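What follows is the content of structure.pdb, which has PDB, C-alpha atoms:
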```pdb
ATOM      1  CA  MET A   1      56.088   6.357 158.458
ATOM      2  CA  SER A   2      57.428   9.521 159.813
ATOM      3  CA  VAL A   3      56.665  12.883 158.292
ATOM      4  CA  GLY A   4      59.499  15.197 158.077
ATOM      5  CA  GLY A   5      61.755  12.680 159.793
ATOM      6  CA  SER A   6      65.430  12.304 158.937
ATOM      7  CA  SER A   7      66.576   9.386 156.788
ATOM      8  CA  SER A   8      67.562   6.313 158.718
ATOM      9  CA  ASP A   9      70.460   5.270 156.525
ATOM     10  CA  GLN A  10      73.251   3.918 158.612
ATOM     11  CA  ASP A  11      76.511   2.503 157.471
ATOM     12  CA  VAL A  12      76.877  -0.875 159.123
ATOM     13  CA  GLU A  13      80.442  -1.929 159.481
ATOM     14  CA  LEU A  14      81.007  -5.642 159.610
ATOM     15  CA  ASN A  15      83.307  -6.531 162.469
ATOM     16  CA  LEU A  16      85.534  -9.278 161.118
ATOM     17  CA  ALA A  17      87.881  -9.404 164.086
ATOM     18  CA  SER A  18      85.996 -12.148 165.973
ATOM     19  CA  ILE A  19      85.513 -14.196 162.799
ATOM     20  CA  ILE A  20      89.250 -14.008 162.176
ATOM     21  CA  ASP A  21      89.869 -15.168 165.747
ATOM     22  CA  CYS A  22      87.628 -18.210 165.279
ATOM     23  CA  PHE A  23      89.181 -19.019 161.922
ATOM     24  CA  THR A  24      92.672 -18.775 163.335
ATOM     25  CA  VAL A  25      91.909 -21.243 166.100
ATOM     26  CA  LEU A  26      90.091 -23.656 163.802
ATOM     27  CA  ILE A  27      92.803 -23.581 161.175
ATOM     28  CA  THR A  28      95.522 -24.138 163.749
ATOM     29  CA  PHE A  29      93.685 -27.136 165.154
ATOM     30  CA  LEU A  30      92.940 -28.637 161.755
ATOM     31  CA  LEU A  31      96.494 -28.140 160.554
ATOM     32  CA  ALA A  32      97.817 -29.874 163.649
ATOM     33  CA  SER A  33      95.464 -32.824 163.240
ATOM     34  CA  SER A  34      95.424 -33.123 159.477
ATOM     35  CA  SER A  35      96.942 -36.039 157.723
ATOM     36  CA  PHE A  36      97.947 -35.682 154.124
ATOM     37  CA  LEU A  37      98.760 -39.376 153.804
ATOM     38  CA  SER A  38      96.024 -41.952 153.787
ATOM     39  CA  LEU A  39      97.125 -45.167 155.475
ATOM     40  CA  GLY A  40      95.562 -48.549 154.966
ATOM     41  CA  ILE A  41      95.904 -52.178 155.869
ATOM     42  CA  LEU A  42      96.775 -55.238 153.823
ATOM     43  CA  ASP A  43      95.671 -58.488 155.404
ATOM     44  CA  ALA A  44      98.247 -61.239 155.301
ATOM     45  CA  GLY A  45      98.542 -64.624 156.918
ATOM     46  CA  VAL A  46     101.427 -66.957 157.544
ATOM     47  CA  ALA A  47     101.612 -70.061 155.421
ATOM     48  CA  SER A  48     102.972 -72.344 158.104
ATOM     49  CA  GLY A  49     103.431 -72.507 161.860
ATOM     50  CA  GLY A  50     101.942 -70.335 164.549
ATOM     51  CA  VAL A  51      99.241 -70.794 167.105
ATOM     52  CA  GLY A  52      95.675 -70.405 166.064
ATOM     53  CA  VAL A  53      96.000 -71.221 162.404
ATOM     54  CA  GLU A  54      92.700 -72.728 161.424
ATOM     55  CA  LYS A  55      92.660 -75.800 159.284
ATOM     56  CA  GLU A  56      90.625 -75.463 156.145
ATOM     57  CA  PRO A  57      89.422 -78.067 153.675
ATOM     58  CA  THR A  58      92.147 -79.072 151.226
ATOM     59  CA  PRO A  59      91.818 -77.013 148.024
ATOM     60  CA  PRO A  60      92.211 -78.740 144.617
ATOM     61  CA  ILE A  61      95.527 -76.955 144.010
ATOM     62  CA  HIS A  62      98.133 -75.247 146.110
ATOM     63  CA  VAL A  63      99.554 -72.145 144.455
ATOM     64  CA  GLU A  64     102.880 -70.719 145.466
ATOM     65  CA  LEU A  65     104.616 -67.705 143.981
ATOM     66  CA  LYS A  66     108.187 -66.844 144.817
ATOM     67  CA  ILE A  67     109.851 -63.536 144.017
ATOM     68  CA  LEU A  68     113.295 -64.284 142.608
ATOM     69  CA  SER A  69     113.952 -60.726 141.496
ATOM     70  CA  PRO A  70     111.781 -57.674 140.774
ATOM     71  CA  GLU A  71     111.436 -58.928 137.172
ATOM     72  CA  GLU A  72     111.286 -62.696 137.675
ATOM     73  CA  TYR A  73     108.995 -64.930 139.662
ATOM     74  CA  GLN A  74     108.709 -68.673 140.164
ATOM     75  CA  LEU A  75     105.248 -70.169 139.955
ATOM     76  CA  LYS A  76     104.619 -73.515 141.624
ATOM     77  CA  VAL A  77     101.301 -75.293 141.549
ATOM     78  CA  GLU A  78     100.710 -78.638 143.222
ATOM     79  CA  GLY A  79      97.649 -80.838 143.475
ATOM     80  CA  LYS A  80      95.451 -81.594 140.503
ATOM     81  CA  THR A  81      97.827 -79.602 138.308
ATOM     82  CA  HIS A  82     101.593 -79.485 138.459
ATOM     83  CA  ILE A  83     103.420 -76.353 137.375
ATOM     84  CA  ASP A  84     106.946 -75.278 138.226
ATOM     85  CA  ARG A  85     108.320 -72.570 135.998
ATOM     86  CA  LYS A  86     109.733 -69.086 135.991
ATOM     87  CA  ILE A  87     107.545 -66.257 134.794
ATOM     88  CA  ALA A  88     108.069 -62.576 134.141
ATOM     89  CA  SER A  89     106.584 -60.053 136.531
ATOM     90  CA  THR A  90     104.494 -58.624 133.701
ATOM     91  CA  SER A  91     102.690 -61.912 133.133
ATOM     92  CA  ILE A  92     101.739 -62.697 136.737
ATOM     93  CA  THR A  93      98.196 -61.405 136.406
ATOM     94  CA  ASP A  94      97.535 -63.407 133.228
ATOM     95  CA  GLU A  95      98.963 -66.611 134.682
ATOM     96  CA  LEU A  96      96.957 -66.303 137.862
ATOM     97  CA  LYS A  97      93.775 -65.463 135.974
ATOM     98  CA  THR A  98      94.224 -68.639 133.913
ATOM     99  CA  LEU A  99      94.581 -70.687 137.088
ATOM    100  CA  LYS A 100      91.612 -68.957 138.659
ATOM    101  CA  THR A 101      89.490 -69.759 135.639
ATOM    102  CA  GLN A 102      90.425 -73.438 135.891
ATOM    103  CA  TYR A 103      89.976 -73.649 139.664
ATOM    104  CA  PRO A 104      87.618 -70.877 140.765
ATOM    105  CA  SER A 105      87.170 -72.322 144.281
ATOM    106  CA  VAL A 106      90.804 -71.592 145.192
ATOM    107  CA  GLU A 107      91.008 -68.244 146.977
ATOM    108  CA  ALA A 108      94.421 -68.373 148.644
ATOM    109  CA  LEU A 109      97.964 -68.147 147.408
ATOM    110  CA  VAL A 110     101.312 -68.389 149.190
ATOM    111  CA  LEU A 111     103.787 -65.625 148.402
ATOM    112  CA  SER A 112     107.432 -65.905 149.310
ATOM    113  CA  ALA A 113     110.637 -64.210 148.208
ATOM    114  CA  GLN A 114     114.383 -64.471 148.199
ATOM    115  CA  ASP A 115     115.949 -63.179 151.401
ATOM    116  CA  ASP A 116     117.351 -60.054 149.763
ATOM    117  CA  ILE A 117     114.091 -58.945 148.126
ATOM    118  CA  ASN A 118     112.796 -55.660 149.567
ATOM    119  CA  TYR A 119     109.543 -55.415 151.450
ATOM    120  CA  ASN A 120     108.342 -52.926 148.839
ATOM    121  CA  GLU A 121     108.509 -55.618 146.150
ATOM    122  CA  VAL A 122     106.556 -57.990 148.358
ATOM    123  CA  ILE A 123     103.824 -55.407 148.887
ATOM    124  CA  LYS A 124     103.685 -54.581 145.174
ATOM    125  CA  SER A 125     103.304 -58.281 144.401
ATOM    126  CA  MET A 126     100.599 -58.683 147.025
ATOM    127  CA  ASN A 127      98.795 -55.711 145.542
ATOM    128  CA  GLN A 128      98.876 -57.341 142.127
ATOM    129  CA  ILE A 129      97.949 -60.840 143.332
ATOM    130  CA  ARG A 130      95.006 -59.664 145.438
ATOM    131  CA  LYS A 131      93.112 -58.752 142.290
ATOM    132  CA  THR A 132      92.885 -62.492 141.479
ATOM    133  CA  TYR A 133      93.511 -64.243 144.782
ATOM    134  CA  PRO A 134      92.238 -62.113 147.673
ATOM    135  CA  ALA A 135      93.840 -64.222 150.419
ATOM    136  CA  VAL A 136      97.611 -63.897 150.251
ATOM    137  CA  MET A 137      99.733 -65.720 152.791
ATOM    138  CA  LEU A 138     103.400 -65.031 153.288
ATOM    139  CA  GLY A 139     105.599 -68.099 153.179
ATOM    140  CA  GLY A 140     109.185 -69.193 152.865
ATOM    141  CA  PHE A 141     109.481 -70.119 156.543
ATOM    142  CA  GLU A 142     111.770 -73.049 157.200
TER     143      GLU A 142
ATOM    144  CA  MET B 143     118.433  32.283 142.738
ATOM    145  CA  LYS B 144     115.411  31.357 144.644
ATOM    146  CA  LYS B 145     115.959  28.423 146.875
ATOM    147  CA  LYS B 146     113.310  25.884 146.701
ATOM    148  CA  SER B 147     112.304  24.935 150.128
ATOM    149  CA  LEU B 148     111.344  21.396 150.750
ATOM    150  CA  PHE B 149     108.977  22.517 153.408
ATOM    151  CA  LYS B 150     106.464  24.873 151.985
ATOM    152  CA  ILE B 151     104.699  26.916 154.576
ATOM    153  CA  GLY B 152     100.950  26.513 154.578
ATOM    154  CA  GLN B 153     100.948  23.329 152.581
ATOM    155  CA  VAL B 154     101.471  20.724 155.306
ATOM    156  CA  LYS B 155      99.354  17.712 154.609
ATOM    157  CA  LYS B 156      97.081  16.571 157.362
ATOM    158  CA  GLN B 157      97.663  12.980 158.287
ATOM    159  CA  SER B 158      94.779  11.008 159.532
ATOM    160  CA  ASP B 159      95.196   9.650 163.069
ATOM    161  CA  GLU B 160      93.031   6.665 162.328
ATOM    162  CA  MET B 161      94.395   3.661 160.466
ATOM    163  CA  SER B 162      91.877   1.062 159.403
ATOM    164  CA  LEU B 163      93.056  -2.522 159.100
ATOM    165  CA  GLN B 164      91.907  -4.215 155.930
ATOM    166  CA  ILE B 165      91.056  -7.734 157.044
ATOM    167  CA  THR B 166      88.530  -8.571 154.385
ATOM    168  CA  SER B 167      91.182 -10.268 152.234
ATOM    169  CA  MET B 168      92.475 -12.173 155.260
ATOM    170  CA  ALA B 169      88.950 -13.421 155.950
ATOM    171  CA  ASP B 170      88.717 -14.630 152.336
ATOM    172  CA  ILE B 171      92.017 -16.516 152.596
ATOM    173  CA  PHE B 172      91.080 -18.041 155.933
ATOM    174  CA  THR B 173      87.730 -19.187 154.584
ATOM    175  CA  ILE B 174      89.366 -20.986 151.675
ATOM    176  CA  ILE B 175      92.004 -22.624 153.876
ATOM    177  CA  LEU B 176      89.350 -23.666 156.383
ATOM    178  CA  VAL B 177      87.143 -25.252 153.724
ATOM    179  CA  PHE B 178      90.106 -27.203 152.370
ATOM    180  CA  LEU B 179      91.173 -28.463 155.785
ATOM    181  CA  LEU B 180      87.632 -29.414 156.733
ATOM    182  CA  LYS B 181      87.378 -31.406 153.543
ATOM    183  CA  SER B 182      90.564 -33.346 154.282
ATOM    184  CA  PHE B 183      89.834 -33.812 157.954
ATOM    185  CA  SER B 184      88.990 -37.353 158.950
ATOM    186  CA  SER B 185      88.720 -38.987 162.333
ATOM    187  CA  GLY B 186      88.730 -42.598 163.351
ATOM    188  CA  SER B 187      90.996 -43.828 160.636
ATOM    189  CA  LEU B 188      94.150 -45.857 161.220
ATOM    190  CA  ASN B 189      96.330 -43.933 163.643
ATOM    191  CA  ILE B 190      99.986 -44.681 163.062
ATOM    192  CA  THR B 191     102.911 -42.376 163.699
ATOM    193  CA  PRO B 192     105.895 -43.855 161.893
ATOM    194  CA  THR B 193     109.440 -43.058 162.982
ATOM    195  CA  ALA B 194     111.151 -40.206 161.175
ATOM    196  CA  GLY B 195     112.818 -41.475 158.021
ATOM    197  CA  LEU B 196     110.625 -44.544 157.701
ATOM    198  CA  ARG B 197     109.281 -44.932 154.168
ATOM    199  CA  MET B 198     106.220 -47.098 153.985
ATOM    200  CA  PRO B 199     105.339 -49.021 150.827
ATOM    201  CA  ALA B 200     102.287 -48.032 148.810
ATOM    202  CA  ALA B 201      99.361 -50.156 147.679
ATOM    203  CA  GLN B 202      95.903 -49.621 146.242
ATOM    204  CA  LEU B 203      93.221 -50.243 148.828
ATOM    205  CA  GLU B 204      89.453 -50.170 148.512
ATOM    206  CA  ALA B 205      88.908 -48.275 151.720
ATOM    207  CA  PRO B 206      91.132 -47.260 154.622
ATOM    208  CA  ALA B 207      90.740 -49.617 157.549
ATOM    209  CA  ASP B 208      90.114 -48.758 161.146
ATOM    210  CA  VAL B 209      91.954 -51.389 163.153
ATOM    211  CA  SER B 210      93.054 -51.395 166.724
ATOM    212  CA  ALA B 211      95.847 -53.878 167.403
ATOM    213  CA  LEU B 212      99.392 -54.241 168.672
ATOM    214  CA  LYS B 213     101.745 -52.081 166.601
ATOM    215  CA  LEU B 214     105.100 -53.421 165.529
ATOM    216  CA  GLU B 215     107.407 -51.094 163.630
ATOM    217  CA  ILE B 216     110.471 -52.125 161.643
ATOM    218  CA  SER B 217     112.850 -49.279 160.871
ATOM    219  CA  GLU B 218     116.496 -49.132 159.864
ATOM    220  CA  LYS B 219     117.920 -49.355 163.351
ATOM    221  CA  ALA B 220     115.323 -51.018 165.533
ATOM    222  CA  ILE B 221     112.151 -53.002 165.876
ATOM    223  CA  GLN B 222     109.643 -51.305 168.148
ATOM    224  CA  ILE B 223     106.584 -52.708 169.858
ATOM    225  CA  GLU B 224     104.087 -49.962 170.706
ATOM    226  CA  GLY B 225     106.812 -47.349 170.375
ATOM    227  CA  LYS B 226     109.298 -49.154 172.600
ATOM    228  CA  ALA B 227     112.486 -50.488 170.968
ATOM    229  CA  VAL B 228     112.966 -54.199 171.678
ATOM    230  CA  THR B 229     115.399 -55.282 168.980
ATOM    231  CA  GLN B 230     118.430 -53.600 167.459
ATOM    232  CA  LEU B 231     118.853 -53.737 163.697
ATOM    233  CA  SER B 232     121.777 -52.892 161.518
ATOM    234  CA  GLN B 233     120.673 -51.474 158.151
ATOM    235  CA  PHE B 234     117.300 -53.228 158.433
ATOM    236  CA  LYS B 235     118.980 -56.572 159.259
ATOM    237  CA  LEU B 236     118.911 -58.552 162.480
ATOM    238  CA  GLU B 237     122.103 -59.200 164.371
ATOM    239  CA  ALA B 238     123.449 -62.693 163.730
ATOM    240  CA  ASP B 239     123.451 -63.633 167.408
ATOM    241  CA  ASP B 240     119.825 -62.540 167.784
ATOM    242  CA  ILE B 241     118.443 -65.139 165.374
ATOM    243  CA  GLY B 242     117.266 -68.323 167.032
ATOM    244  CA  PRO B 243     117.371 -71.862 165.616
ATOM    245  CA  ASN B 244     113.796 -71.632 164.292
ATOM    246  CA  GLY B 245     114.491 -68.374 162.457
ATOM    247  CA  THR B 246     112.889 -66.145 165.087
ATOM    248  CA  SER B 247     114.436 -63.157 166.841
ATOM    249  CA  LYS B 248     115.237 -63.783 170.501
ATOM    250  CA  THR B 249     114.835 -60.183 171.687
ATOM    251  CA  LEU B 250     111.664 -59.687 169.666
ATOM    252  CA  SER B 251     110.255 -62.920 171.050
ATOM    253  CA  GLU B 252     110.884 -61.658 174.583
ATOM    254  CA  GLY B 253     109.072 -58.404 173.811
ATOM    255  CA  LEU B 254     106.117 -60.222 172.268
ATOM    256  CA  GLU B 255     105.975 -62.640 175.181
ATOM    257  CA  LYS B 256     105.659 -59.671 177.558
ATOM    258  CA  GLU B 257     102.828 -58.260 175.455
ATOM    259  CA  ARG B 258     101.048 -61.614 175.491
ATOM    260  CA  LYS B 259     101.342 -61.840 179.265
ATOM    261  CA  ARG B 260     100.057 -58.283 179.604
ATOM    262  CA  GLN B 261      97.052 -59.101 177.447
ATOM    263  CA  ALA B 262      96.385 -62.284 179.429
ATOM    264  CA  LEU B 263      96.527 -60.287 182.683
ATOM    265  CA  ILE B 264      94.075 -57.717 181.374
ATOM    266  CA  SER B 265      91.702 -60.380 180.059
ATOM    267  CA  GLN B 266      91.690 -62.062 183.473
ATOM    268  CA  SER B 267      90.311 -58.966 185.120
ATOM    269  CA  ASN B 268      88.115 -57.855 182.235
ATOM    270  CA  GLU B 269      85.976 -60.465 180.505
ATOM    271  CA  ASP B 270      85.330 -58.187 177.534
ATOM    272  CA  VAL B 271      89.019 -58.183 176.667
ATOM    273  CA  LYS B 272      90.260 -61.335 175.012
ATOM    274  CA  ASN B 273      93.614 -62.370 173.654
ATOM    275  CA  ASP B 274      93.981 -60.672 170.299
ATOM    276  CA  SER B 275      95.810 -62.349 167.422
ATOM    277  CA  LYS B 276      95.962 -59.159 165.383
ATOM    278  CA  ILE B 277      99.201 -57.300 164.912
ATOM    279  CA  ILE B 278      99.849 -54.237 162.762
ATOM    280  CA  VAL B 279     103.223 -54.343 161.024
ATOM    281  CA  VAL B 280     104.627 -50.968 160.002
ATOM    282  CA  ALA B 281     107.790 -51.642 158.044
ATOM    283  CA  ASP B 282     110.093 -49.578 155.899
ATOM    284  CA  GLN B 283     109.934 -50.508 152.229
ATOM    285  CA  ARG B 284     113.687 -51.237 152.243
ATOM    286  CA  VAL B 285     113.477 -54.015 154.828
ATOM    287  CA  PRO B 286     114.727 -57.291 153.302
ATOM    288  CA  TYR B 287     112.346 -60.241 153.261
ATOM    289  CA  LYS B 288     114.679 -62.179 155.561
ATOM    290  CA  THR B 289     114.000 -59.694 158.359
ATOM    291  CA  ILE B 290     110.281 -59.726 157.624
ATOM    292  CA  LYS B 291     110.264 -63.533 157.839
ATOM    293  CA  ALA B 292     112.032 -63.502 161.202
ATOM    294  CA  VAL B 293     109.611 -60.900 162.560
ATOM    295  CA  LEU B 294     106.518 -62.721 161.294
ATOM    296  CA  ALA B 295     107.807 -66.059 162.578
ATOM    297  CA  SER B 296     108.474 -64.531 166.021
ATOM    298  CA  ALA B 297     104.999 -63.050 166.091
ATOM    299  CA  ALA B 298     103.294 -66.236 164.894
ATOM    300  CA  VAL B 299     104.987 -68.345 167.574
ATOM    301  CA  HIS B 300     103.444 -66.072 170.207
ATOM    302  CA  GLY B 301      99.962 -66.247 168.827
ATOM    303  CA  PHE B 302      99.962 -63.148 166.643
ATOM    304  CA  THR B 303      98.872 -64.752 163.386
ATOM    305  CA  ASP B 304      96.570 -62.112 161.925
ATOM    306  CA  PHE B 305      98.992 -59.748 160.253
ATOM    307  CA  LYS B 306      97.886 -56.311 159.177
ATOM    308  CA  LEU B 307     100.529 -54.761 156.957
ATOM    309  CA  ALA B 308     100.303 -50.983 157.085
ATOM    310  CA  VAL B 309     100.751 -49.295 153.720
ATOM    311  CA  VAL B 310     100.237 -45.892 152.195
ATOM    312  CA  ASN B 311      97.067 -45.764 150.136
ATOM    313  CA  GLU B 312      97.990 -45.280 146.516
ATOM    314  CA  GLU B 313      95.667 -43.670 143.998
ATOM    315  CA  PRO B 314      94.887 -46.070 141.110
TER     316      PRO B 314
END
```
Let me see whether you can do it: turn the structure in this file into structure tokens.
Amino acid sequence: MSVGGSSSDQDVELNLASIIDCFTVLITFLLASSSFLSLGILDAGVASGGVGVEKEPTPPIHVELKILSPEEYQLKVEGKTHIDRKIASTSITDELKTLKTQYPSVEALVLSAQDDINYNEVIKSMNQIRKTYPAVMLGGFE
Amino acid sequence: MKKKSLFKIGQVKKQSDEMSLQITSMADIFTIILVFLLKSFSSGSLNITPTAGLRMPAAQLEAPADVSALKLEISEKAIQIEGKAVTQLSQFKLEADDIGPNGTSKTLSEGLEKERKRQALISQSNEDVKNDSKIIVVADQRVPYKTIKAVLASAAVHGFTDFKLAVVNEEP
């Protein structure tokens, strides 16, 4: 405590220049390395051929789905049940769920398509099928 | 009539020599931008740089994968292996003379054969490196299934049987 001393009020000015420098560098780096698209991976196998394909025990049914057009699919089931019919794209999930309920041990399905079907349709179908059958193999190889 | 002078003597305003830069607002903006970019920053995820104009299909995935494998890209005009064009395409389709009797692409098969030999050479000198059957396929969503079949068949014949199809993660 000082008697008769002058007040020690001082105006402290915050120097933002160096903070701005740091921010500029950080933002430039982050903008250069940022990715606004999140990429992922869909696992797919090949239904026939190739080296290194492991043989698995024969499942009770073999399910094959072929994309005829974006609206129409052909469902083929062989084994303990025989099915060969055309189905609408809107009823794929229901049909596969019915099969899954009957044969819960079957985890794989073969997906193929007409030659002119776009890759986007194949991916959309895989996305839908994976909810019921997690292992989707691409087929249609002659 | 008295003329009004624009310059009145004795009433010249003093201009300050000092000019202070207002950077408080800039600091606020930078802070907000920095917080946003830090939030969206992620490292170690799948690192793919598609060719300009390539539109990847979208799918809903549980979590983005971190996979390191051979990258094969199918665009409108070419098929590239690790960024190097090996096969020419015409509007996403293979040339007729490039398709072999078993449905594979001859030029693509040559490129994949080279990659296999390179991997075998590396694994000979480094025991930790083994022949990898994984292959990441980055394809445009407009590629017809016929081209996809030829590419997959070519890859499978050369031991690349574990296909990882790269897609854009779609929000559910």
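Near A:Gln114, within a cut-off of 7 Å and counting all atoms listed in the file, sit the residues Ile67 and Leu68 of chain A; Tyr287 of chain B, with same-chain residues fewer than 5 positions away left out.
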Evaluated on this file, the ChimeraX specification (/A :<8) & /B picks out some residues - which ones are they, written as a ChimeraX atom specification?
/B:165-166,168-169,172-173,175-176,179-180,182-184,188,199-203,205-207,244-245,281-288,290-291,294-295,298-311
How would you write, as a list in words, the residues chosen by the PyMOL selection byres ((chain B and resi 214-230) around 7) on this structure?
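Applying the expression gives Leu196, Leu212, Lys213, Leu231, Ser232, Gln233, Phe234, Thr249, Leu250, Gly253, Ile278, Val279, Val280, Ala281 and Asp282 of chain B.
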Mind giving me the straight-line distance from atom CA of A:Glu71 to atom CA of A:Thr93 in Å, one decimal?
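One can read the atom CA of A:Glu71 to atom CA of A:Thr93 distance as 13.5 Å.
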In Å, rounded to a single decimal, give me how far atom CA of B:Thr289 is from atom CA of B:Gly195.
18.3 Å
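Counting from atom CA of B:Asn273, the distance to atom CA of B:Arg260 is 9.7 Å.
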Polymer residues at most 10 Å from A:Leu96, all atoms listed in the file, same-chain spacing of 5 or more positions, as a ChimeraX atom specification
/A:63,65,75,91,101-102,109,129,131-133
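Closest approach to A:Ala88 from the set A:Thr58, A:Ser18, A:Ser105, A:Gln74 is made by A:Gln74, with distances taken over only C-alpha atoms.
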My list of candidates is B:Ala292, B:Val209, B:Ala262, B:Leu254. Which is closest to B:Lys235 when distances are computed with only C-alpha atoms?
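Residue with the minimum atom-to-atom distance to B:Lys235: B:Ala292.
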